[in-house]
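One file, target_30.cif, is given below (mmCIF, C-alpha atoms).
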```cif
data_protein
#
loop_
_atom_site.label_atom_id
_atom_site.label_comp_id
_atom_site.auth_asym_id
_atom_site.auth_seq_id
_atom_site.Cartn_x
_atom_site.Cartn_y
_atom_site.Cartn_z
CA MET A 1 131.14 113.29 132.98
CA TYR A 2 128.15 114.59 131.03
CA GLN A 3 130.45 116.24 128.47
CA ARG A 4 132.40 112.99 127.95
CA SER A 5 129.09 111.11 127.46
CA VAL A 6 127.94 113.62 124.86
CA ILE A 7 131.27 113.38 123.02
CA ALA A 8 131.09 109.58 123.09
CA ALA A 9 127.53 109.66 121.71
CA VAL A 10 128.58 112.00 118.90
CA VAL A 11 131.56 109.79 118.01
CA PHE A 12 129.29 106.71 117.99
CA ALA A 13 126.78 108.48 115.76
CA LEU A 14 129.53 109.59 113.35
CA ALA A 15 130.93 106.04 113.24
CA ALA A 16 127.49 104.62 112.54
CA CYS A 17 127.01 107.14 109.73
CA ALA A 18 130.40 106.27 108.28
CA LEU A 19 129.62 102.54 108.42
CA GLY A 20 126.35 102.95 106.55
CA ALA A 21 127.45 105.75 104.21
CA ASP A 22 126.78 103.76 101.01
CA THR A 23 124.06 101.52 102.45
CA PRO A 24 120.32 102.32 102.29
CA ASP A 25 119.17 104.96 104.78
CA VAL A 26 116.09 103.21 106.15
CA SER A 27 113.58 103.67 108.94
CA LEU A 28 110.95 101.17 110.09
CA SER A 29 108.30 101.64 112.78
CA VAL A 30 108.37 98.42 114.79
CA PRO A 31 105.27 97.85 116.98
CA LYS A 32 105.70 96.40 120.44
CA PRO A 33 104.71 92.78 119.61
CA PHE A 34 107.54 92.64 117.03
CA ALA A 35 110.05 94.60 119.11
CA THR A 36 112.03 91.82 120.82
CA GLU A 37 115.80 92.35 120.42
CA VAL A 38 115.57 94.51 117.30
CA THR A 39 118.86 95.28 115.57
CA VAL A 40 119.77 97.33 112.51
CA LYS A 41 122.89 96.40 110.57
CA HIS A 42 124.61 97.77 107.48
CA TYR A 43 126.61 95.73 104.98
CA HIS A 44 128.71 96.87 102.03
CA THR A 45 128.95 95.05 98.70
CA GLY A 46 131.16 91.99 99.13
CA GLN A 47 130.78 91.87 102.92
CA ASP A 48 130.11 88.52 104.62
CA LEU A 49 127.04 88.56 106.87
CA LEU A 50 128.01 85.43 108.80
CA HIS A 51 131.75 85.48 109.59
CA ASP A 52 131.61 81.68 109.62
CA PRO A 53 134.67 79.62 108.59
CA THR A 54 132.62 77.09 106.61
CA PHE A 55 129.58 78.95 105.26
CA HIS A 56 129.43 82.43 103.76
CA LEU A 57 126.69 84.89 102.83
CA ILE A 58 128.37 87.62 100.81
CA THR A 59 126.02 90.35 99.69
CA VAL A 60 126.13 91.45 96.06
CA ALA A 61 124.75 94.91 96.90
CA PRO A 62 124.80 97.38 99.80
CA LEU A 63 122.30 96.18 102.39
CA THR A 64 120.50 97.55 105.44
CA GLU A 65 118.90 94.85 107.56
CA TYR A 66 116.35 95.11 110.36
CA GLN A 67 116.06 91.94 112.45
CA GLY A 68 113.98 91.03 115.48
CA TRP A 69 111.49 88.62 117.00
CA PHE A 70 107.74 88.61 117.45
CA GLY A 71 107.00 87.83 121.08
CA PRO A 72 109.55 86.16 123.38
CA ARG A 73 112.63 84.58 121.89
CA THR A 74 112.35 80.87 122.65
CA ALA A 75 114.36 77.74 122.00
CA ASP A 76 111.25 75.90 120.76
CA GLN A 77 111.58 75.89 116.97
CA ALA A 78 107.83 75.67 116.38
CA HIS A 79 107.17 78.78 118.49
CA ILE A 80 110.01 81.11 117.53
CA HIS A 81 109.05 83.99 115.25
CA GLY A 82 112.19 85.64 113.96
CA TRP A 83 111.74 88.30 111.31
CA LYS A 84 113.92 90.30 108.94
CA VAL A 85 113.49 93.24 106.59
CA ASP A 86 116.34 93.50 104.08
CA VAL A 87 116.70 96.58 101.88
CA PHE A 88 119.20 96.10 99.04
CA ALA A 89 120.53 99.10 97.11
CA ARG A 90 119.92 97.27 93.85
CA TYR A 91 116.91 97.09 91.57
CA SER A 92 116.15 93.46 90.75
CA PRO A 93 114.53 92.95 87.32
CA LYS A 94 113.50 89.45 88.40
CA VAL A 95 111.59 90.77 91.42
CA ALA A 96 110.09 93.55 89.32
CA ALA A 97 108.88 91.01 86.75
CA ALA A 98 107.30 88.89 89.49
CA CYS A 99 105.51 91.92 90.91
CA ALA A 100 104.25 92.89 87.48
CA ALA A 101 103.09 89.63 86.00
CA ALA A 102 103.80 86.40 87.93
CA LYS A 103 100.72 84.22 88.34
CA ASP A 104 102.07 82.04 91.15
CA GLY A 105 105.09 81.50 93.37
CA CYS A 106 106.66 78.86 91.14
CA GLU A 107 106.63 81.25 88.20
CA ALA A 108 108.08 84.03 90.37
CA ASP A 109 110.77 81.66 91.77
CA LEU A 110 112.10 84.11 94.37
CA ASN A 111 114.88 82.87 96.66
CA ILE A 112 117.10 85.30 98.54
CA GLU A 113 120.29 83.20 98.60
CA PRO A 114 120.82 82.87 94.81
CA GLU A 115 119.42 86.34 94.10
CA PHE A 116 121.57 88.36 96.51
CA PHE A 117 124.23 86.08 98.03
CA GLY A 118 125.32 83.77 95.21
CA VAL A 119 124.35 80.63 97.14
CA ASP A 120 122.19 78.01 95.40
CA GLU A 121 119.74 77.26 98.24
CA ARG A 122 116.07 77.29 97.32
CA SER A 123 112.67 76.75 98.86
CA TYR A 124 110.59 73.88 97.52
CA MET A 125 107.24 75.47 98.39
CA PHE A 126 105.57 78.71 97.28
CA ALA A 127 102.01 78.84 98.64
CA ARG A 128 99.41 81.59 99.02
CA PHE A 129 100.96 83.80 96.34
CA GLU A 130 99.51 87.33 96.33
CA HIS A 131 100.25 90.69 94.73
CA LYS A 132 100.41 93.65 97.13
CA HIS A 133 101.00 97.39 97.08
CA PHE A 134 102.80 99.53 99.65
CA ARG A 135 103.58 103.24 99.82
CA TRP A 136 107.17 102.47 98.81
CA GLY A 137 106.29 100.23 95.85
CA ASP A 138 104.76 97.01 94.52
CA ALA A 139 105.32 93.57 96.04
CA VAL A 140 104.35 89.92 96.12
CA SER A 141 103.93 87.68 99.15
CA PHE A 142 103.91 83.91 99.68
CA PHE A 143 104.66 81.10 102.12
CA SER A 144 107.92 79.24 101.68
CA GLN A 145 109.52 76.18 103.24
CA PHE A 146 113.09 74.95 103.01
CA SER A 147 114.41 71.48 103.77
CA GLN A 148 117.98 70.29 104.23
CA ASP A 149 117.09 66.86 102.88
CA SER A 150 115.13 65.68 99.84
CA GLY A 151 111.76 65.68 101.63
CA VAL A 152 108.78 67.62 100.28
CA TYR A 153 107.17 68.19 103.66
CA VAL A 154 103.66 69.54 104.02
CA PRO A 155 103.24 72.96 105.68
CA HIS A 156 104.15 72.77 109.37
CA ASN A 157 105.14 74.92 112.32
CA GLY A 158 108.88 75.25 112.57
CA HIS A 159 109.76 75.93 108.94
CA LEU A 160 106.73 77.81 107.54
CA THR A 161 107.91 81.29 106.51
CA TYR A 162 105.93 84.25 105.23
CA GLU A 163 107.89 86.29 102.68
CA VAL A 164 107.27 89.66 101.04
CA TRP A 165 109.35 90.77 98.04
CA GLY A 166 109.10 94.16 96.35
CA VAL A 167 110.80 96.93 94.42
CA THR A 168 110.59 100.66 95.08
CA ARG A 169 108.84 103.03 92.73
CA ASP A 170 112.09 104.86 91.96
CA HIS A 171 113.70 101.59 90.74
CA LYS A 172 116.61 101.94 93.19
CA TYR A 173 115.94 99.33 95.87
CA THR A 174 114.68 95.78 96.38
CA ILE A 175 112.99 94.76 99.64
CA VAL A 176 112.94 91.19 100.96
CA ALA A 177 111.08 90.65 104.24
CA SER A 178 110.33 87.41 106.08
CA VAL A 179 108.89 86.11 109.34
CA ALA A 180 108.57 82.60 110.77
CA VAL A 181 104.88 81.91 111.39
CA ARG A 182 102.72 79.20 112.92
CA GLN A 183 99.13 78.12 112.40
CA PRO A 184 97.39 76.31 115.29
CA LYS A 185 95.98 73.48 113.17
CA LEU A 186 99.33 72.57 111.61
CA ALA A 187 101.65 69.96 113.13
CA ASP A 188 104.87 71.08 114.79
CA TRP A 189 108.07 69.96 113.10
CA GLY A 190 108.87 66.37 114.03
CA PRO A 191 108.17 62.74 113.07
CA ASP A 192 104.45 63.41 112.55
CA VAL A 193 105.04 65.84 109.67
CA ARG A 194 104.13 64.14 106.38
CA ASP A 195 106.40 63.98 103.34
CA ALA A 196 104.26 64.59 100.23
CA ARG A 197 107.14 63.29 98.05
CA SER A 198 106.24 65.49 95.07
CA ILE A 199 105.14 69.07 94.42
CA ALA A 200 101.94 67.84 92.74
CA ALA A 201 101.02 65.80 95.82
CA LEU A 202 101.99 68.70 98.08
CA LYS A 203 99.51 71.01 96.36
CA ARG A 204 96.74 68.44 96.93
CA ASP A 205 97.52 68.07 100.63
CA ARG A 206 94.99 69.28 103.19
CA ASP A 207 97.53 71.42 105.06
CA TYR A 208 98.72 73.10 101.87
CA LYS A 209 95.10 73.94 101.10
CA ARG A 210 94.68 75.14 104.69
CA VAL A 211 97.47 77.75 104.47
CA GLU A 212 96.21 78.80 101.04
CA ARG A 213 92.66 79.49 102.21
CA CYS A 214 92.55 80.32 105.91
CA SER A 215 92.34 83.88 107.24
CA ALA A 216 95.53 85.95 107.51
CA GLU A 217 94.58 86.47 111.16
CA GLU A 218 94.82 82.74 111.95
CA PHE A 219 98.62 82.86 111.79
CA GLU A 220 100.95 83.91 114.55
CA PRO A 221 102.00 86.59 113.97
CA SER A 222 99.14 87.85 111.85
CA LEU A 223 100.12 88.31 108.21
CA THR A 224 98.18 91.56 108.22
CA ALA A 225 100.18 92.85 111.18
CA PHE A 226 103.48 92.04 109.47
CA ASP A 227 102.32 93.76 106.26
CA ARG A 228 101.28 96.77 108.32
CA MET A 229 104.75 97.03 109.85
CA LEU A 230 106.34 96.67 106.42
CA GLY A 231 104.13 99.48 105.19
CA THR A 232 105.89 101.91 107.55
CA LEU A 233 109.22 101.39 105.74
CA VAL A 234 110.81 104.65 104.58
CA ILE A 235 113.95 104.85 102.43
CA ARG A 236 115.54 108.29 102.32
#
```
How does the structure come out when it is put into structure tokens?
Amino acid sequence: MYQRSVIAAVVFALAACALGADTPDVSLSVPKPFATEVTVKHYHTGQDLLHDPTFHLITVAPLTEYQGWFGPRTADQAHIHGWKVDVFARYSPKVAAACAAAKDGCEADLNIEPEFFGVDERSYMFARFEHKHFRWGDAVSFFSQFSQDSGVYVPHNGHLTYEVWGVTRDHKYTIVASVAVRQPKLADWGPDVRDARSIAALKRDRDYKRVERCSAEEFEPSLTAFDRMLGTLVIR
């Protein structure tokens, strides 16, 4: 019985190696608060991530993806904190340019769907834009929000997402990481969330200014804690 188990484990390991043979070989140290239902998946160029009959996400480059949740996985949209760390085996000049010289999120204009999946879906908000440095390379971070209608909604719990984009020092890989966050003074998604109606009005809104200026520790999860986890990323 033990011998059969060992053989099965070896076969599984060989199959996993074969599946990810041309995908990034990545390790990430995931601390306990972020460790709910963590999975690691490998995708080849041209592979569909969704297997959905009506909507497709087909990666333009080999991809290794870590995915999990911070805290318990809940059905309450305003309290769910899903996160992802995507490592693409492609150097993105657009991301590199943003890391080198972009002054704000609108100038950087980073959206994962058009950049890596050929789908024209974009965020309307890029707040709290910052340049950052990790052991693996340079990066930028910002808050984004996406809407399925024409609304320009102020920052709120339920759609507010913290994103980190970077390129490795060897110019071989692009990293895109994200986590759904909440801030206790923001409204939860629903009828009470205001529509600013324009980007100019959005930037003047009190809640936009709140997420721009408040401490990184006021968010759940902490932005610092997410950056710290991302700093453990190793690509071999």
Quick one: 8 Å padding each side, axis-aligned, all listed atoms of segment 187-197 of chain A - centre and edge lengths in Å to one decimal, as lines of an AutoDock Vina configuration file?
```
center_x = 105.3
center_y = 66.9
center_z = 106.4
size_x = 23.2
size_y = 24.3
size_z = 32.7
```
List as a PyMOL selection string the protein and nucleic acid residues near Gly151 of chain A, meaning an atom at most 10 Å away when all atoms listed in the file are counted, but skip any in the same chain fewer than 4 places from it. chain A and resi 124+146-147+194-198
From the list A:Asp86, A:Asp205, A:Glu37, A:Asp22, which residue is nearest Gly71 of chain A when using all atoms listed in the file? A:Glu37
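The closest residue to Asp149 of chain A, picked from A:Glu121, A:Glu163, A:Phe226, A:Phe88 and counting all atoms listed in the file, is A:Glu121.
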Any idea what the distance is between atom CA of Lys41 of chain A and atom CA of Tyr66 of chain A? 6.7 Å
Please write as JSON, numbers by chain the list of polymer residues whose atoms come within 7 Å of (120.8, 101.7, 94.8), counting all atoms listed in the file and keeping to the coordinates of the file. {"A": [89, 90, 91, 172, 173]}
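Closest to Arg73 of chain A among A:Thr232, A:Phe142, A:Ala35, A:Trp136 is A:Ala35, based on only C-alpha atoms.
For the residues A:Phe34, A:Phe117, A:Asp76, A:Val181, ranking by smallest atom-to-atom distance to Asp48 of chain A using only C-alpha atoms places A:Phe117 first.
For the atom pair formed by atom CA of Ser144 of chain A and atom CA of Gln47 of chain A, the distance is 26.1 Å, given to one decimal.
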